[in-house]
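Colleague: I'm passing along structure.cif; it holds mmCIF, C-alpha atoms.
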data_structure
#
loop_
_atom_site.label_atom_id
_atom_site.label_comp_id
_atom_site.auth_asym_id
_atom_site.auth_seq_id
_atom_site.Cartn_x
_atom_site.Cartn_y
_atom_site.Cartn_z
CA MET A 111 -145.92 39.46 25.77
CA THR A 112 -144.20 40.21 22.48
CA THR A 113 -141.15 39.50 20.33
CA ALA A 114 -137.93 41.32 21.15
CA LEU A 115 -135.50 42.41 18.42
CA PHE A 116 -131.86 42.93 19.38
CA THR A 117 -129.56 44.66 16.91
CA HIS A 118 -126.99 47.45 16.78
CA ASP A 119 -125.56 49.83 14.20
CA ASP A 120 -122.05 48.69 15.20
CA CYS A 121 -122.77 45.53 13.21
CA LEU A 122 -122.78 47.68 10.06
CA ASP A 123 -119.14 48.58 10.73
CA HIS A 124 -117.86 45.05 10.12
CA GLN A 125 -116.37 45.44 6.65
CA THR A 126 -115.45 42.65 4.23
CA PRO A 127 -113.83 42.83 0.78
CA ALA A 128 -115.88 43.84 -2.25
CA GLY A 129 -117.78 40.85 -3.54
CA HIS A 130 -117.65 38.98 -0.22
CA PRO A 131 -121.04 37.35 0.45
CA GLU A 132 -121.11 38.33 4.15
CA GLN A 133 -121.60 42.03 3.45
CA VAL A 134 -123.00 45.06 5.24
CA ALA A 135 -126.02 45.06 2.89
CA ARG A 136 -127.27 41.84 4.48
CA LEU A 137 -128.14 43.54 7.76
CA ARG A 138 -129.44 46.67 6.06
CA ARG A 139 -131.89 44.61 4.01
CA ILE A 140 -133.01 42.63 7.04
CA LEU A 141 -133.67 45.73 9.13
CA GLY A 142 -135.54 47.27 6.22
CA ALA A 143 -137.71 44.16 5.93
CA LEU A 144 -138.57 44.34 9.65
CA GLU A 145 -139.55 48.01 9.67
CA GLY A 146 -143.07 48.61 10.89
CA ARG A 147 -143.45 45.22 12.56
CA ASP A 148 -144.66 44.95 16.14
CA LEU A 149 -141.33 44.30 17.82
CA MET A 150 -139.88 45.35 21.16
CA ARG A 151 -136.67 46.89 19.83
CA HIS A 152 -133.43 46.94 21.82
CA GLU A 153 -129.86 47.95 21.14
CA ALA A 154 -127.69 44.87 21.59
CA PRO A 155 -125.25 45.42 24.46
CA SER A 156 -121.60 44.59 24.03
CA GLY A 157 -120.49 41.17 25.20
CA THR A 158 -117.52 40.93 27.54
CA GLU A 159 -114.45 38.74 27.67
CA GLU A 160 -116.06 36.97 30.62
CA ASP A 161 -118.98 36.12 28.32
CA LEU A 162 -116.63 34.84 25.62
CA ARG A 163 -114.85 32.64 28.15
CA LEU A 164 -118.05 30.65 28.61
CA CYS A 165 -116.91 28.86 25.43
CA HIS A 166 -113.52 30.17 24.27
CA PRO A 167 -110.15 30.14 26.04
CA GLN A 168 -108.45 33.46 26.68
CA ALA A 169 -105.80 32.60 24.08
CA HIS A 170 -108.41 32.58 21.32
CA ILE A 171 -109.89 35.87 22.50
CA ASP A 172 -106.43 37.42 22.60
CA ARG A 173 -105.62 36.21 19.07
CA VAL A 174 -108.80 37.73 17.67
CA ARG A 175 -108.26 41.00 19.52
CA GLY A 176 -104.62 41.07 18.43
CA ALA A 177 -105.60 40.66 14.78
CA LEU A 178 -107.84 43.75 14.80
CA PRO A 179 -106.45 46.26 12.29
CA GLU A 180 -106.29 49.99 12.92
CA GLU A 181 -107.30 50.54 9.30
CA GLY A 182 -108.09 48.50 6.21
CA ILE A 183 -109.12 44.86 6.17
CA VAL A 184 -107.09 41.83 7.26
CA GLN A 185 -107.67 38.17 6.42
CA LEU A 186 -107.75 35.65 9.28
CA ASP A 187 -108.40 32.51 7.25
CA ALA A 188 -109.72 31.51 3.82
CA ASP A 189 -113.12 33.13 4.39
CA THR A 190 -112.91 35.34 7.49
CA TRP A 191 -111.86 38.99 7.48
CA MET A 192 -111.61 41.75 10.06
CA SER A 193 -111.85 45.52 9.76
CA PRO A 194 -111.47 48.06 12.59
CA GLY A 195 -115.16 47.64 13.51
CA SER A 196 -115.30 43.84 13.36
CA LEU A 197 -114.50 42.98 16.96
CA GLN A 198 -117.10 45.37 18.33
CA ALA A 199 -119.66 44.03 15.85
CA ALA A 200 -119.00 40.46 17.01
CA LEU A 201 -119.25 41.52 20.65
CA ARG A 202 -122.63 43.12 19.93
CA GLY A 203 -123.75 39.78 18.51
CA VAL A 204 -122.71 37.94 21.66
CA GLY A 205 -124.14 40.60 23.94
CA GLY A 206 -127.38 40.71 21.98
CA ALA A 207 -127.82 36.95 22.20
CA LEU A 208 -127.22 36.96 25.95
CA ALA A 209 -129.57 39.90 26.48
CA ALA A 210 -132.21 38.08 24.42
CA VAL A 211 -131.85 35.01 26.63
CA ASP A 212 -132.16 37.21 29.71
CA ALA A 213 -135.31 38.90 28.36
CA VAL A 214 -137.01 35.65 27.41
CA LEU A 215 -136.08 33.75 30.57
CA GLY A 216 -136.97 36.79 32.67
CA GLY A 217 -140.42 37.08 31.12
CA GLN A 218 -139.88 40.48 29.54
CA ALA A 219 -140.40 38.98 26.05
CA GLY A 220 -142.11 35.87 24.79
CA ASN A 221 -139.36 35.18 22.27
CA ALA A 222 -136.58 37.09 20.53
CA PHE A 223 -134.66 37.55 17.29
CA VAL A 224 -131.04 38.75 17.26
CA ALA A 225 -130.17 40.53 14.01
CA THR A 226 -126.41 41.00 14.13
CA ARG A 227 -123.35 40.17 12.07
CA PRO A 228 -120.83 38.59 11.68
CA PRO A 229 -122.44 35.17 12.21
CA GLY A 230 -121.06 32.73 14.78
CA HIS A 231 -121.84 29.07 14.21
CA HIS A 232 -118.57 28.15 12.45
CA ALA A 233 -116.24 29.57 15.15
CA GLU A 234 -114.64 26.64 16.95
CA THR A 235 -113.10 26.63 20.42
CA GLU A 236 -109.77 28.07 19.28
CA ARG A 237 -110.37 28.84 15.60
CA THR A 238 -112.09 31.55 13.57
CA MET A 239 -113.75 30.09 10.50
CA GLY A 240 -116.39 30.68 7.85
CA PHE A 241 -116.97 34.41 8.47
CA CYS A 242 -117.25 33.76 12.26
CA LEU A 243 -115.13 35.03 15.16
CA PHE A 244 -116.97 33.73 18.25
CA GLY A 245 -119.58 31.01 18.80
CA THR A 246 -122.51 33.27 19.58
CA VAL A 247 -125.28 30.70 19.96
CA ALA A 248 -123.11 28.27 21.93
CA ILE A 249 -122.15 31.11 24.28
CA ALA A 250 -125.85 31.93 24.70
CA ALA A 251 -126.55 28.29 25.55
CA ARG A 252 -123.80 28.21 28.18
CA HIS A 253 -125.08 31.54 29.55
CA ALA A 254 -128.52 30.00 30.02
CA MET A 255 -126.99 26.99 31.77
CA GLU A 256 -124.31 28.60 33.92
CA ARG A 257 -126.01 31.87 34.84
CA HIS A 258 -129.70 30.94 34.74
CA GLY A 259 -129.32 27.37 35.95
CA LEU A 260 -131.05 25.64 33.06
CA GLY A 261 -130.45 21.91 32.78
CA ARG A 262 -131.60 21.36 29.19
CA VAL A 263 -131.05 23.76 26.28
CA ALA A 264 -131.72 22.76 22.67
CA VAL A 265 -129.92 24.48 19.78
CA VAL A 266 -131.40 23.98 16.30
CA ASP A 267 -129.34 25.10 13.30
CA PHE A 268 -131.08 25.10 9.90
CA ASP A 269 -128.35 27.05 8.09
CA VAL A 270 -127.35 25.27 4.86
CA HIS A 271 -123.79 24.80 6.20
CA HIS A 272 -123.06 22.50 9.11
CA GLY A 273 -122.72 24.34 12.42
CA ASN A 274 -119.30 22.87 13.08
CA GLY A 275 -118.35 25.56 15.58
CA THR A 276 -121.44 25.13 17.73
CA GLN A 277 -120.95 21.37 17.59
CA ASP A 278 -117.34 21.74 18.73
CA LEU A 279 -118.23 24.12 21.55
CA LEU A 280 -121.11 21.97 22.85
CA TRP A 281 -119.66 18.53 22.06
CA SER A 282 -119.06 17.63 25.72
CA GLU A 283 -121.99 19.60 27.14
CA ALA A 284 -124.50 17.01 28.42
CA ARG A 285 -127.03 19.74 29.22
CA SER A 286 -127.38 20.63 25.54
CA LEU A 287 -128.92 19.06 22.48
CA PHE A 288 -127.40 20.37 19.25
CA VAL A 289 -129.26 19.66 16.00
CA SER A 290 -127.92 20.69 12.59
CA SER A 291 -129.58 20.17 9.23
CA HIS A 292 -127.30 21.04 6.33
CA GLN A 293 -126.46 20.24 2.73
CA SER A 294 -123.96 17.43 2.28
CA PRO A 295 -121.57 17.33 0.55
CA LEU A 296 -120.78 20.99 1.15
CA TRP A 297 -118.25 23.10 3.03
CA PRO A 298 -117.09 22.66 5.82
CA GLY A 299 -117.41 18.92 5.22
CA THR A 300 -118.39 18.01 8.78
CA GLY A 301 -121.77 17.01 10.21
CA THR A 302 -121.99 13.31 9.38
CA PRO A 303 -124.57 11.22 11.24
CA ASP A 304 -121.89 9.44 13.25
CA GLU A 305 -120.86 12.72 14.92
CA THR A 306 -123.08 12.34 17.97
CA GLY A 307 -121.34 14.25 20.75
CA ALA A 308 -119.72 13.01 23.95
CA HIS A 309 -123.11 12.28 25.49
CA GLY A 310 -125.23 11.49 22.46
CA ASN A 311 -126.18 15.16 22.52
CA VAL A 312 -125.52 15.96 18.83
CA LEU A 313 -127.87 15.13 15.97
CA ASN A 314 -126.71 15.82 12.42
CA LEU A 315 -129.09 15.68 9.51
CA PRO A 316 -127.26 15.83 6.15
CA LEU A 317 -129.49 16.77 3.21
CA ALA A 318 -128.66 15.94 -0.38
CA PRO A 319 -128.07 18.74 -2.92
CA ARG A 320 -131.30 19.92 -4.54
CA CYS A 321 -133.33 18.70 -1.58
CA ASP A 322 -136.69 20.49 -1.59
CA GLY A 323 -139.07 21.60 1.11
CA ALA A 324 -140.97 18.33 1.21
CA ALA A 325 -137.80 16.35 1.93
CA PHE A 326 -136.64 18.94 4.48
CA ARG A 327 -139.97 18.79 6.31
CA ALA A 328 -140.03 14.98 6.30
CA ALA A 329 -136.53 14.85 7.78
CA TYR A 330 -137.50 17.20 10.58
CA GLU A 331 -140.70 15.32 11.32
CA ASP A 332 -138.88 11.96 11.34
CA ARG A 333 -135.72 12.87 13.25
CA VAL A 334 -135.51 16.37 14.66
CA PHE A 335 -138.84 16.97 16.34
CA PRO A 336 -138.92 13.58 18.13
CA ALA A 337 -135.39 14.21 19.45
CA ILE A 338 -136.35 17.64 20.78
CA ASP A 339 -139.57 16.27 22.24
CA ALA A 340 -137.67 13.54 24.09
CA PHE A 341 -135.08 16.03 25.34
CA ALA A 342 -137.82 18.35 26.72
CA PRO A 343 -135.77 21.57 26.59
CA GLU A 344 -136.21 24.47 28.97
CA LEU A 345 -135.16 26.86 26.18
CA ILE A 346 -134.83 26.54 22.40
CA LEU A 347 -132.12 28.51 20.61
CA ILE A 348 -132.18 28.75 16.81
CA SER A 349 -129.21 29.33 14.54
CA ALA A 350 -131.31 30.93 11.83
CA GLY A 351 -129.41 30.73 8.56
CA PHE A 352 -131.43 31.29 5.40
CA ASP A 353 -128.90 30.11 2.82
CA ALA A 354 -130.85 26.89 2.24
CA HIS A 355 -133.16 29.10 0.13
CA ARG A 356 -133.37 28.07 -3.51
CA ASP A 357 -132.00 31.45 -4.65
CA ASP A 358 -128.92 31.45 -2.44
CA PRO A 359 -125.64 31.54 -4.39
CA LEU A 360 -123.54 29.48 -1.95
CA ALA A 361 -125.46 26.19 -1.89
CA GLU A 362 -127.94 23.95 -3.67
CA LEU A 363 -130.94 23.33 -1.44
CA ASN A 364 -134.35 24.41 -2.67
CA LEU A 365 -136.20 25.76 0.35
CA THR A 366 -138.55 28.72 0.21
CA GLU A 367 -139.92 31.26 2.67
CA ALA A 368 -142.81 28.87 3.37
CA ASP A 369 -140.38 26.23 4.61
CA PHE A 370 -138.69 28.63 7.03
CA GLU A 371 -142.12 29.75 8.22
CA TRP A 372 -143.12 26.11 8.75
CA VAL A 373 -140.01 25.05 10.70
CA THR A 374 -140.22 28.16 12.88
CA GLY A 375 -143.82 27.38 13.72
CA ARG A 376 -143.07 23.74 14.55
CA LEU A 377 -140.18 24.75 16.80
CA CYS A 378 -142.51 27.19 18.54
CA ASP A 379 -144.96 24.31 19.03
CA LEU A 380 -142.24 22.34 20.82
CA ALA A 381 -141.32 25.39 22.88
CA ASP A 382 -144.96 25.79 23.87
CA ALA A 383 -145.09 22.14 24.92
CA HIS A 384 -141.90 22.14 26.97
CA CYS A 385 -140.66 25.60 27.95
CA GLY A 386 -143.42 28.15 27.95
CA GLY A 387 -142.75 29.20 24.35
CA ARG A 388 -139.22 30.40 25.14
CA VAL A 389 -137.32 30.74 21.86
CA VAL A 390 -134.28 32.89 21.01
CA SER A 391 -133.27 33.01 17.34
CA CYS A 392 -129.92 34.37 16.12
CA LEU A 393 -129.10 35.27 12.53
CA GLU A 394 -126.51 33.14 10.77
CA GLY A 395 -126.18 32.89 6.97
CA GLY A 396 -128.20 33.86 3.91
CA TYR A 397 -126.52 35.58 0.97
CA ASP A 398 -129.11 36.37 -1.69
CA LEU A 399 -130.26 39.73 -0.38
CA ALA A 400 -133.87 39.55 -1.53
CA ALA A 401 -134.33 35.96 -0.38
CA LEU A 402 -132.65 36.73 2.93
CA ALA A 403 -134.90 39.70 3.65
CA SER A 404 -138.13 37.89 2.77
CA SER A 405 -137.08 34.74 4.66
CA VAL A 406 -136.20 36.65 7.81
CA ALA A 407 -139.52 38.48 7.60
CA ALA A 408 -141.38 35.16 7.34
CA HIS A 409 -139.41 33.75 10.29
CA VAL A 410 -139.96 36.80 12.49
CA ASP A 411 -143.65 37.02 11.58
CA VAL A 412 -144.11 33.57 13.10
CA LEU A 413 -142.24 34.62 16.24
CA ILE A 414 -144.46 37.70 16.52
CA ALA A 415 -147.61 35.63 16.11
CA ARG A 416 -146.42 33.19 18.78
CA GLY A 417 -144.77 35.67 21.16
#
Could you write out this file's structure as structure tokens?
Modeller:
Amino acid sequence: MTTALFTHDDCLDHQTPAGHPEQVARLRRILGALEGRDLMRHEAPSGTEEDLRLCHPQAHIDRVRGALPEEGIVQLDADTWMSPGSLQAALRGVGGALAAVDAVLGGQAGNAFVATRPPGHHAETERTMGFCLFGTVAIAARHAMERHGLGRVAVVDFDVHHGNGTQDLLWSEARSLFVSSHQSPLWPGTGTPDETGAHGNVLNLPLAPRCDGAAFRAAYEDRVFPAIDAFAPELILISAGFDAHRDDPLAELNLTEADFEWVTGRLCDLADAHCGGRVVSCLEGGYDLAALASSVAAHVDVLIARG
């Protein structure tokens, strides 16, 4: 078995204004960093409205589709923009995540990485937010539950920003465990420890500014890994944001590539213990191009070694 990579050139057609951190160059650098690696490469299929409705009401889908410009770039909220290629890019992200789940659960791949943009973990049930249009990882979780019959799916988000959208979309989903580690205080200002979900299915782990790898690792060993172990997931999904890197311009955590390598390996250990190694990782943030590329490479190298 091996590691599957799902991506698509359509994700390069999502344009943002000059100087915007969520830029086309992010995906170009990532794909360049993964060249030559032993990956089972797939074009991400396009997600459908039926897929989106696993988490979002039709009204939200219609609003996003209705905002799509014929030319130029339009602003949806303080941080989120759309160009003519943005909707198709987001649908490739959703479709790629679902296809990755299918491949891993079907035994065609040991694990998978989905390299698409825009990211998804800030999109709430009826709200675009923080560069995100649709809740890609939450949709993948519901896909695994509703269409593959899984009863326990864990979602681990180590992006530096709280995964408020995923939390919102999975808040009442008793079959999920959502874990988010994130800098606090920091935008979007959510993710306090008392936000525990409708069924005690949410675990938030705020990290203080300038937190280093040792503190990050201790927090995961103390809180995150025991929670996942007790939950005994049948699949682990990762919201893989790399903006907790010490070089990232949008935050103040001090992680390095070694920390991302470590947490990936430990999550693979838990997947080996509970669900036959089944892990699907989806790209979220990371805005220093060099740090992003090297961090993704470190993350994917672990998946390859464990796939």
Colleague: Name the closest residue to A:Gln218 among the candidates A:Val134, A:Gly307, A:Met150, A:Glu394; distances are taken between atoms, counting all atoms listed in the file.
Modeller: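 Closest candidate: A:Met150.
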Colleague: For A:His253, list every protein, DNA or RNA residue within 9 Å, evaluated using all atoms listed in the file, and leave out those in the same chain fewer than 3 positions away; present the list as number ranges by chain.
Modeller: A: 161, 164, 208, 211, 248-250, 256-259
Colleague: Selection from above, C-alpha atoms, as a compact mmCIF listing (two decimals), keeping the file's coordinate frame, can you write it?
Modeller:
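Resulting contents of out-v7.txt:
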# COMPACT_ATOMS: atom_id res chain seq x y z
CA ASP A 161 -118.98 36.12 28.32
CA LEU A 164 -118.05 30.65 28.61
CA LEU A 208 -127.22 36.96 25.95
CA VAL A 211 -131.85 35.01 26.63
CA ALA A 248 -123.11 28.27 21.93
CA ILE A 249 -122.15 31.11 24.28
CA ALA A 250 -125.85 31.93 24.70
CA GLU A 256 -124.31 28.60 33.92
CA ARG A 257 -126.01 31.87 34.84
CA HIS A 258 -129.70 30.94 34.74
CA GLY A 259 -129.32 27.37 35.95
Colleague: Given the file shown, determine the residues that the PyMOL selection byres ((chain A and resi 181-194) around 7) selects; report them as a list in words.
Modeller: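 Applied to this file, the PyMOL selection byres ((chain A and resi 181-194) around 7) selects His124, Gln125, Thr126, Leu178, Pro179, Glu180, Gly195, Ser196, Met239, Gly240, Phe241 and Cys242 of chain A.
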Colleague: Between A:Thr117, A:Asn221, A:Thr235, A:Ser290, which has the minimum distance to A:Glu305 (counting all atoms listed in the file)?
Modeller: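 Counting all atoms listed in the file, the residue closest to A:Glu305 is A:Ser290.
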Colleague: Could you tell me how far atom CA of A:Glu236 sits from atom CA of A:Trp281, in Å to one decimal place?
Modeller: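 Between atom CA of A:Trp281 and atom CA of A:Glu236 the gap is 14.0 Å.
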Colleague: So that I can check the surroundings of A:Glu344, please list as a ChimeraX atom specification every protein, DNA and RNA residue that reaches within 9 Å of it, counting all atoms listed in the file and ignoring chain neighbours fewer than 4 positions away.
Modeller: /A:260-264,381,384-386,388
